[in-house]
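Below is input.cif, which holds mmCIF, C-alpha atoms.
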data_final
loop_
_atom_site.group_PDB
_atom_site.id
_atom_site.type_symbol
_atom_site.label_atom_id
_atom_site.label_comp_id
_atom_site.auth_asym_id
_atom_site.auth_seq_id
_atom_site.Cartn_x
_atom_site.Cartn_y
_atom_site.Cartn_z
ATOM 1 C CA ASN A 727 158.736 42.479 191.565
ATOM 2 C CA PHE A 728 155.717 44.781 191.227
ATOM 3 C CA ILE A 729 157.469 46.903 188.568
ATOM 4 C CA ILE A 730 158.536 43.854 186.568
ATOM 5 C CA MET A 731 155.040 42.380 186.721
ATOM 6 C CA SER A 732 153.470 45.731 185.757
ATOM 7 C CA LYS A 733 155.755 46.059 182.732
ATOM 8 C CA ARG A 734 154.916 42.534 181.658
ATOM 9 C CA LEU A 735 151.164 43.198 181.984
ATOM 10 C CA LEU A 736 151.461 46.452 180.044
ATOM 11 C CA PHE A 737 152.669 44.610 176.965
ATOM 12 C CA GLU A 738 150.324 41.621 177.186
ATOM 13 C CA SER A 739 147.220 41.422 175.020
ATOM 14 C CA PHE A 740 143.923 42.439 176.564
ATOM 15 C CA LYS A 741 140.307 41.630 175.689
ATOM 16 C CA LEU A 742 137.959 44.581 176.003
ATOM 17 C CA PRO A 743 134.578 43.843 177.581
ATOM 18 C CA LYS A 744 132.365 42.487 174.831
ATOM 19 C CA VAL A 745 129.893 44.973 173.381
ATOM 20 C CA GLY A 746 127.671 43.790 170.560
ATOM 21 C CA LYS A 747 128.715 40.792 168.517
ATOM 22 C CA ASP A 748 132.464 41.354 168.245
ATOM 23 C CA GLN A 749 135.171 40.740 170.831
ATOM 24 C CA ILE A 750 138.011 43.245 170.523
ATOM 25 C CA THR A 751 141.444 42.060 171.573
ATOM 26 C CA LEU A 752 144.161 44.667 171.967
ATOM 27 C CA ALA A 753 147.767 43.724 171.196
ATOM 28 C CA ASN A 754 148.811 45.408 174.459
ATOM 29 C CA ARG A 755 147.403 47.608 177.233
ATOM 30 C CA VAL A 756 148.874 50.868 175.937
ATOM 31 C CA VAL A 757 146.121 53.348 175.043
ATOM 32 C CA MET A 758 146.870 56.503 173.106
ATOM 33 C CA ALA A 759 144.729 59.273 174.562
ATOM 34 C CA PRO A 760 142.899 61.717 172.300
ATOM 35 C CA MET A 761 144.691 64.947 171.462
ATOM 36 C CA THR A 762 143.337 67.758 169.306
ATOM 37 C CA ARG A 763 145.555 68.040 166.232
ATOM 38 C CA SER A 764 143.843 70.859 164.264
ATOM 39 C CA ARG A 765 145.024 69.391 160.952
ATOM 40 C CA ALA A 766 141.675 68.647 159.308
ATOM 41 C CA ILE A 767 141.460 71.269 156.571
ATOM 42 C CA ASP A 768 137.748 71.860 155.808
ATOM 43 C CA ASN A 769 137.041 69.433 158.689
ATOM 44 C CA LEU A 770 138.185 66.475 156.549
ATOM 45 C CA PRO A 771 140.501 63.658 157.669
ATOM 46 C CA ASN A 772 143.460 63.779 155.277
ATOM 47 C CA ASP A 773 146.792 62.122 154.494
ATOM 48 C CA MET A 774 148.564 63.971 157.320
ATOM 49 C CA ILE A 775 146.026 62.565 159.785
ATOM 50 C CA LYS A 776 146.321 59.090 158.237
ATOM 51 C CA THR A 777 150.107 59.163 158.635
ATOM 52 C CA TYR A 778 149.896 60.458 162.201
ATOM 53 C CA TYR A 779 147.660 57.619 163.404
ATOM 54 C CA ALA A 780 149.382 54.906 161.338
ATOM 55 C CA GLN A 781 152.702 55.850 162.966
ATOM 56 C CA ARG A 782 151.133 55.121 166.356
ATOM 57 C CA ALA A 783 149.389 51.861 165.454
ATOM 58 C CA THR A 784 151.561 49.784 167.805
ATOM 59 C CA ALA A 785 149.603 51.176 170.754
ATOM 60 C CA GLY A 786 147.015 48.652 171.896
ATOM 61 C CA LEU A 787 144.265 51.177 171.252
ATOM 62 C CA ILE A 788 144.213 54.629 169.661
ATOM 63 C CA ILE A 789 141.438 57.037 170.562
ATOM 64 C CA THR A 790 141.241 59.782 167.947
ATOM 65 C CA GLU A 791 141.070 63.489 168.474
ATOM 66 C CA GLY A 792 137.635 64.906 169.245
ATOM 67 C CA THR A 793 135.481 64.643 166.130
ATOM 68 C CA ALA A 794 132.255 66.531 165.529
ATOM 69 C CA PRO A 795 129.033 64.560 164.932
ATOM 70 C CA SER A 796 127.525 67.438 162.924
ATOM 71 C CA LYS A 797 128.335 70.884 161.588
ATOM 72 C CA ASN A 798 126.790 72.316 164.767
ATOM 73 C CA GLY A 799 129.221 70.214 166.806
ATOM 74 C CA LEU A 800 132.308 71.889 165.339
ATOM 75 C CA GLY A 801 134.053 74.556 167.370
ATOM 76 C CA TYR A 802 137.812 74.718 166.990
ATOM 77 C CA ALA A 803 139.680 75.546 163.815
ATOM 78 C CA ARG A 804 140.387 72.522 161.606
ATOM 79 C CA ILE A 805 138.898 69.732 163.749
ATOM 80 C CA PRO A 806 137.490 66.742 161.857
ATOM 81 C CA GLY A 807 133.907 65.674 161.530
ATOM 82 C CA CYS A 808 132.227 62.332 160.968
ATOM 83 C CA TYR A 809 128.864 63.225 159.428
ATOM 84 C CA THR A 810 129.422 63.507 155.655
ATOM 85 C CA THR A 811 130.339 60.914 153.050
ATOM 86 C CA GLN A 812 133.600 62.715 152.317
ATOM 87 C CA GLN A 813 134.587 62.743 156.005
ATOM 88 C CA VAL A 814 133.768 59.053 156.424
ATOM 89 C CA GLU A 815 135.821 58.214 153.322
ATOM 90 C CA GLY A 816 138.748 60.138 154.824
ATOM 91 C CA TRP A 817 138.404 58.290 158.112
ATOM 92 C CA ARG A 818 138.259 54.962 156.249
ATOM 93 C CA LYS A 819 141.752 55.644 154.872
ATOM 94 C CA VAL A 820 142.927 56.320 158.438
ATOM 95 C CA THR A 821 141.398 53.157 159.921
ATOM 96 C CA ASP A 822 142.666 51.022 157.026
ATOM 97 C CA ALA A 823 146.196 52.341 157.639
ATOM 98 C CA VAL A 824 145.983 51.611 161.382
ATOM 99 C CA HIS A 825 144.498 48.142 160.823
ATOM 100 C CA SER A 826 147.162 47.294 158.222
ATOM 101 C CA LYS A 827 149.713 47.673 161.038
ATOM 102 C CA GLY A 828 147.688 45.565 163.465
ATOM 103 C CA GLY A 829 146.260 48.460 165.469
ATOM 104 C CA LYS A 830 142.809 49.168 166.877
ATOM 105 C CA ILE A 831 141.208 52.606 166.729
ATOM 106 C CA PHE A 832 138.150 54.242 168.292
ATOM 107 C CA LEU A 833 136.614 57.527 167.142
ATOM 108 C CA GLN A 834 136.101 60.096 169.882
ATOM 109 C CA ILE A 835 132.832 61.926 169.196
ATOM 110 C CA MET A 836 132.817 65.454 170.607
ATOM 111 C CA HIS A 837 130.187 68.178 170.258
ATOM 112 C CA CYS A 838 131.816 71.492 171.215
ATOM 113 C CA GLY A 839 128.562 73.153 172.261
ATOM 114 C CA ARG A 840 129.290 76.707 173.391
ATOM 115 C CA SER A 841 133.063 76.067 173.226
ATOM 116 C CA SER A 842 132.887 77.313 169.684
ATOM 117 C CA HIS A 843 133.086 80.244 167.308
ATOM 118 C CA HIS A 844 131.117 80.666 164.076
ATOM 119 C CA LEU A 845 134.346 81.524 162.211
ATOM 120 C CA ASN A 846 135.407 77.913 162.873
ATOM 121 C CA MET A 847 132.117 76.520 161.542
ATOM 122 C CA PRO A 848 130.630 76.181 158.046
ATOM 123 C CA ASN A 849 127.848 78.444 156.846
ATOM 124 C CA GLY A 850 124.499 77.505 158.342
ATOM 125 C CA ALA A 851 125.959 75.967 161.507
ATOM 126 C CA VAL A 852 124.608 77.141 164.861
ATOM 127 C CA ILE A 853 126.433 77.361 168.179
ATOM 128 C CA LEU A 854 124.211 75.467 170.630
ATOM 129 C CA ALA A 855 124.304 75.155 174.401
ATOM 130 C CA PRO A 856 121.927 74.357 177.271
ATOM 131 C CA SER A 857 121.528 78.105 177.862
ATOM 132 C CA ALA A 858 122.363 81.352 176.086
ATOM 133 C CA VAL A 859 125.394 82.053 178.288
ATOM 134 C CA PRO A 860 128.776 82.587 176.609
ATOM 135 C CA ILE A 861 132.073 81.332 177.972
ATOM 136 C CA LYS A 862 134.226 84.107 179.405
ATOM 137 C CA GLY A 863 137.368 84.380 177.338
ATOM 138 C CA GLN A 864 138.466 83.948 173.773
ATOM 139 C CA MET A 865 138.943 81.281 171.128
ATOM 140 C CA TYR A 866 141.382 81.083 168.227
ATOM 141 C CA THR A 867 140.058 81.393 164.673
ATOM 142 C CA ASP A 868 142.131 81.118 161.500
ATOM 143 C CA GLN A 869 140.478 84.207 159.994
ATOM 144 C CA LYS A 870 140.777 86.686 162.881
ATOM 145 C CA GLN A 871 142.970 84.886 165.479
ATOM 146 C CA MET A 872 141.663 85.386 169.045
ATOM 147 C CA GLN A 873 137.971 86.239 169.290
ATOM 148 C CA ASP A 874 135.524 86.541 172.192
ATOM 149 C CA PHE A 875 133.247 83.548 172.629
ATOM 150 C CA PRO A 876 129.830 84.390 171.149
ATOM 151 C CA VAL A 877 126.493 83.933 172.882
ATOM 152 C CA PRO A 878 125.191 80.460 171.981
ATOM 153 C CA LYS A 879 121.602 79.606 171.099
ATOM 154 C CA ALA A 880 119.814 77.963 174.021
ATOM 155 C CA MET A 881 118.821 74.465 172.969
ATOM 156 C CA THR A 882 115.165 73.560 172.641
ATOM 157 C CA SER A 883 113.795 70.063 173.263
ATOM 158 C CA GLU A 884 113.930 69.571 169.498
ATOM 159 C CA ASP A 885 117.598 70.664 169.393
ATOM 160 C CA ILE A 886 118.425 68.134 172.120
ATOM 161 C CA THR A 887 116.639 65.338 170.246
ATOM 162 C CA THR A 888 118.526 66.308 167.078
ATOM 163 C CA ALA A 889 121.899 66.362 168.864
ATOM 164 C CA ILE A 890 121.285 62.887 170.324
ATOM 165 C CA ALA A 891 120.441 61.591 166.842
ATOM 166 C CA GLU A 892 123.609 63.219 165.454
ATOM 167 C CA TYR A 893 125.735 61.353 168.012
ATOM 168 C CA ALA A 894 124.032 58.063 167.111
ATOM 169 C CA ASP A 895 124.331 58.658 163.365
ATOM 170 C CA SER A 896 127.997 59.624 163.670
ATOM 171 C CA ALA A 897 128.740 56.511 165.753
ATOM 172 C CA ALA A 898 127.015 54.274 163.210
ATOM 173 C CA LEU A 899 128.880 55.909 160.310
ATOM 174 C CA ALA A 900 132.180 55.551 162.155
ATOM 175 C CA VAL A 901 131.828 51.822 162.788
ATOM 176 C CA GLU A 902 129.774 50.663 159.800
ATOM 177 C CA SER A 903 131.416 52.745 157.046
ATOM 178 C CA GLY A 904 134.479 54.387 158.567
ATOM 179 C CA GLY A 905 136.059 51.135 159.759
ATOM 180 C CA PHE A 906 136.450 52.127 163.401
ATOM 181 C CA ASP A 907 136.606 49.397 166.040
ATOM 182 C CA GLY A 908 134.432 51.476 168.364
ATOM 183 C CA VAL A 909 133.609 54.965 169.560
ATOM 184 C CA GLU A 910 134.138 57.009 172.696
ATOM 185 C CA ILE A 911 131.760 59.816 173.623
ATOM 186 C CA HIS A 912 133.564 62.900 174.964
ATOM 187 C CA GLY A 913 131.574 64.033 177.974
ATOM 188 C CA ALA A 914 133.971 66.330 179.841
ATOM 189 C CA ASN A 915 136.070 69.505 179.644
ATOM 190 C CA GLY A 916 133.188 71.885 179.058
ATOM 191 C CA TYR A 917 131.832 70.426 175.828
ATOM 192 C CA LEU A 918 128.125 69.933 175.178
ATOM 193 C CA ILE A 919 127.479 66.865 177.354
ATOM 194 C CA ASP A 920 129.424 68.463 180.224
ATOM 195 C CA GLN A 921 127.624 71.785 179.760
#

Show me, as structure tokens, the structure contained in the file I just sent.
Amino acid sequence: NFIIMSKRLLFESFKLPKVGKDQITLANRVVMAPMTRSRAIDNLPNDMIKTYYAQRATAGLIITEGTAPSKNGLGYARIPGCYTTQQVEGWRKVTDAVHSKGGKIFLQIMHCGRSSHHLNMPNGAVILAPSAVPIKGQMYTDQKQMQDFPVPKAMTSEDITTAIAEYADSAALAVESGGFDGVEIHGANGYLIDQ
């Protein structure tokens, strides 16, 4: 009986707790967890990403792969961002495709912090962390494959204030212009908030 009831509940609609003015109702209780895809050439959401998420739109809720709130938040090769007009336009195509199939989608905002390498970042970006202590080990880069983690710049109070604003700006862009139903802040697995 428990298994039958659980299966029935899994496929029933579910109202998320209300945040703000909108009530979000999921078609079912299946949530697609975030998974890094490394398909965002030049950190831009593209047609391959749009197709990937649209194919999974029957899940009650999709949470995207970790997405950087700024150029300093990038870290891995080919992860998307949500801080430029071009990135937001790319994400809008993704959310429109998911919504056209009845799905709901949240953007996962992730600042890599010291889990980064400057070869995976645009010119002018800075690897930031709470302290100038590198991770032991290596990270993949498209240009030179495996590379030692570099020493990050220890964040100042101003850097922290800027990073907080970048999260807020990225969240606002995601919902107001990118068409996302909400955001999730990645605060684990050794990324900036966890550091």

Evaluated on this file, the PyMOL selection byres ((chain A and resi 753) around 12) picks out some residues - which ones are they, written as a PDB file with C-alpha atoms, keeping the file's coordinate frame?
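Okay, out-v5.pdb is ready:
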ATOM      1  CA  LEU A 735     151.164  43.198 181.984  1.00  0.00           C
ATOM      2  CA  LEU A 736     151.461  46.452 180.044  1.00  0.00           C
ATOM      3  CA  PHE A 737     152.669  44.610 176.965  1.00  0.00           C
ATOM      4  CA  GLU A 738     150.324  41.621 177.186  1.00  0.00           C
ATOM      5  CA  SER A 739     147.220  41.422 175.020  1.00  0.00           C
ATOM      6  CA  PHE A 740     143.923  42.439 176.564  1.00  0.00           C
ATOM      7  CA  LYS A 741     140.307  41.630 175.689  1.00  0.00           C
ATOM      8  CA  LEU A 742     137.959  44.581 176.003  1.00  0.00           C
ATOM      9  CA  ILE A 750     138.011  43.245 170.523  1.00  0.00           C
ATOM     10  CA  THR A 751     141.444  42.060 171.573  1.00  0.00           C
ATOM     11  CA  LEU A 752     144.161  44.667 171.967  1.00  0.00           C
ATOM     12  CA  ASN A 754     148.811  45.408 174.459  1.00  0.00           C
ATOM     13  CA  ARG A 755     147.403  47.608 177.233  1.00  0.00           C
ATOM     14  CA  VAL A 756     148.874  50.868 175.937  1.00  0.00           C
ATOM     15  CA  VAL A 757     146.121  53.348 175.043  1.00  0.00           C
ATOM     16  CA  ALA A 783     149.389  51.861 165.454  1.00  0.00           C
ATOM     17  CA  THR A 784     151.561  49.784 167.805  1.00  0.00           C
ATOM     18  CA  ALA A 785     149.603  51.176 170.754  1.00  0.00           C
ATOM     19  CA  GLY A 786     147.015  48.652 171.896  1.00  0.00           C
ATOM     20  CA  LEU A 787     144.265  51.177 171.252  1.00  0.00           C
ATOM     21  CA  ILE A 788     144.213  54.629 169.661  1.00  0.00           C
ATOM     22  CA  HIS A 825     144.498  48.142 160.823  1.00  0.00           C
ATOM     23  CA  LYS A 827     149.713  47.673 161.038  1.00  0.00           C
ATOM     24  CA  GLY A 828     147.688  45.565 163.465  1.00  0.00           C
ATOM     25  CA  GLY A 829     146.260  48.460 165.469  1.00  0.00           C
ATOM     26  CA  LYS A 830     142.809  49.168 166.877  1.00  0.00           C
ATOM     27  CA  ILE A 831     141.208  52.606 166.729  1.00  0.00           C
TER      28      ILE A 831
END

Check the smallest atom-to-atom distance from each of A:Val852, A:Ala914, A:Leu833, A:Ala900 to A:Thr811 using all atoms listed in the file, then report the winner.
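Of A:Val852, A:Ala914, A:Leu833, A:Ala900, the one nearest A:Thr811, counting all atoms listed in the file, is A:Ala900.
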
Excluding same-chain residues fewer than 3 positions from A:Leu770, what lies within 7 Å of it counting all atoms listed in the file, as a list of chain:residue names?
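My list of contacting residues is A:Ala766, A:Ile767, A:Pro806, A:Gly807, A:Gln813, A:Gly816.
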
Care to translate the PyMOL selection byres ((chain A and resi 776) around 8) into actual residues of this file, as a list in words?
Pro771, Asn772, Asp773, Met774, Ile775, Thr777, Tyr778, Tyr779, Ala780, Trp817, Lys819, Val820, Thr821 and Ala823 of chain A

Closest to A:Val745 among A:Ala858, A:Ala803, A:Leu918, A:Val909, using all atoms listed in the file?
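For A:Val745, the nearest of the candidates is A:Val909.
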
Check the smallest atom-to-atom distance from each of A:Ser764, A:His837, A:Ala851, A:Gly908 to A:Pro743 using only C-alpha atoms, then report the winner.
A:Gly908

Quick one: distance from atom CA of A:Thr867 to atom CA of A:Ile805 in Å, one decimal?
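That distance, rounded to one decimal, is 11.8 Å.
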
Kindly indicate which residue among A:Lys879, A:Lys747, A:His912, A:His844 lies nearest to A:Tyr866, using all atoms listed in the file for the distances.
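Going through A:Lys879, A:Lys747, A:His912, A:His844 one by one, the smallest distance to A:Tyr866 is for A:His844.
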
Which of these residues is nearest to A:Pro760, using only C-alpha atoms: A:Leu845, A:Ala880, A:Met836, A:Leu899?
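With only C-alpha atoms as the atom set, the closest residue is A:Met836.
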
What is the atom CA of A:Ile789 to atom CA of A:Met758 distance in Å?
6.0 Å

7 Å contact set for A:Phe875, all atoms listed in the file, chain neighbours under 5 positions out, as a list in words
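My reading of the contact set: Ser842, His843, Pro860, Ile861, Lys862, Gly863, Gln864 and Met865 of chain A.
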
Work out how far atom CA of A:Ser883 is from atom CA of A:Glu902, in Å to one decimal.
28.5 Å

Pick from A:Ser903, A:Thr887, A:Ser826, A:Gln921: nearest to A:Ser857, with all atoms listed in the file counted?
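Of A:Ser903, A:Thr887, A:Ser826, A:Gln921, the one nearest A:Ser857 is A:Gln921, counting all atoms listed in the file.
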
Shell around A:Tyr917 at 12 Å using all atoms listed in the file, local window under 2 positions removed, as an MDAnalysis selection string
chainID A and resid 792:794 799:802 835:842 853:856 861 911:915 919:921
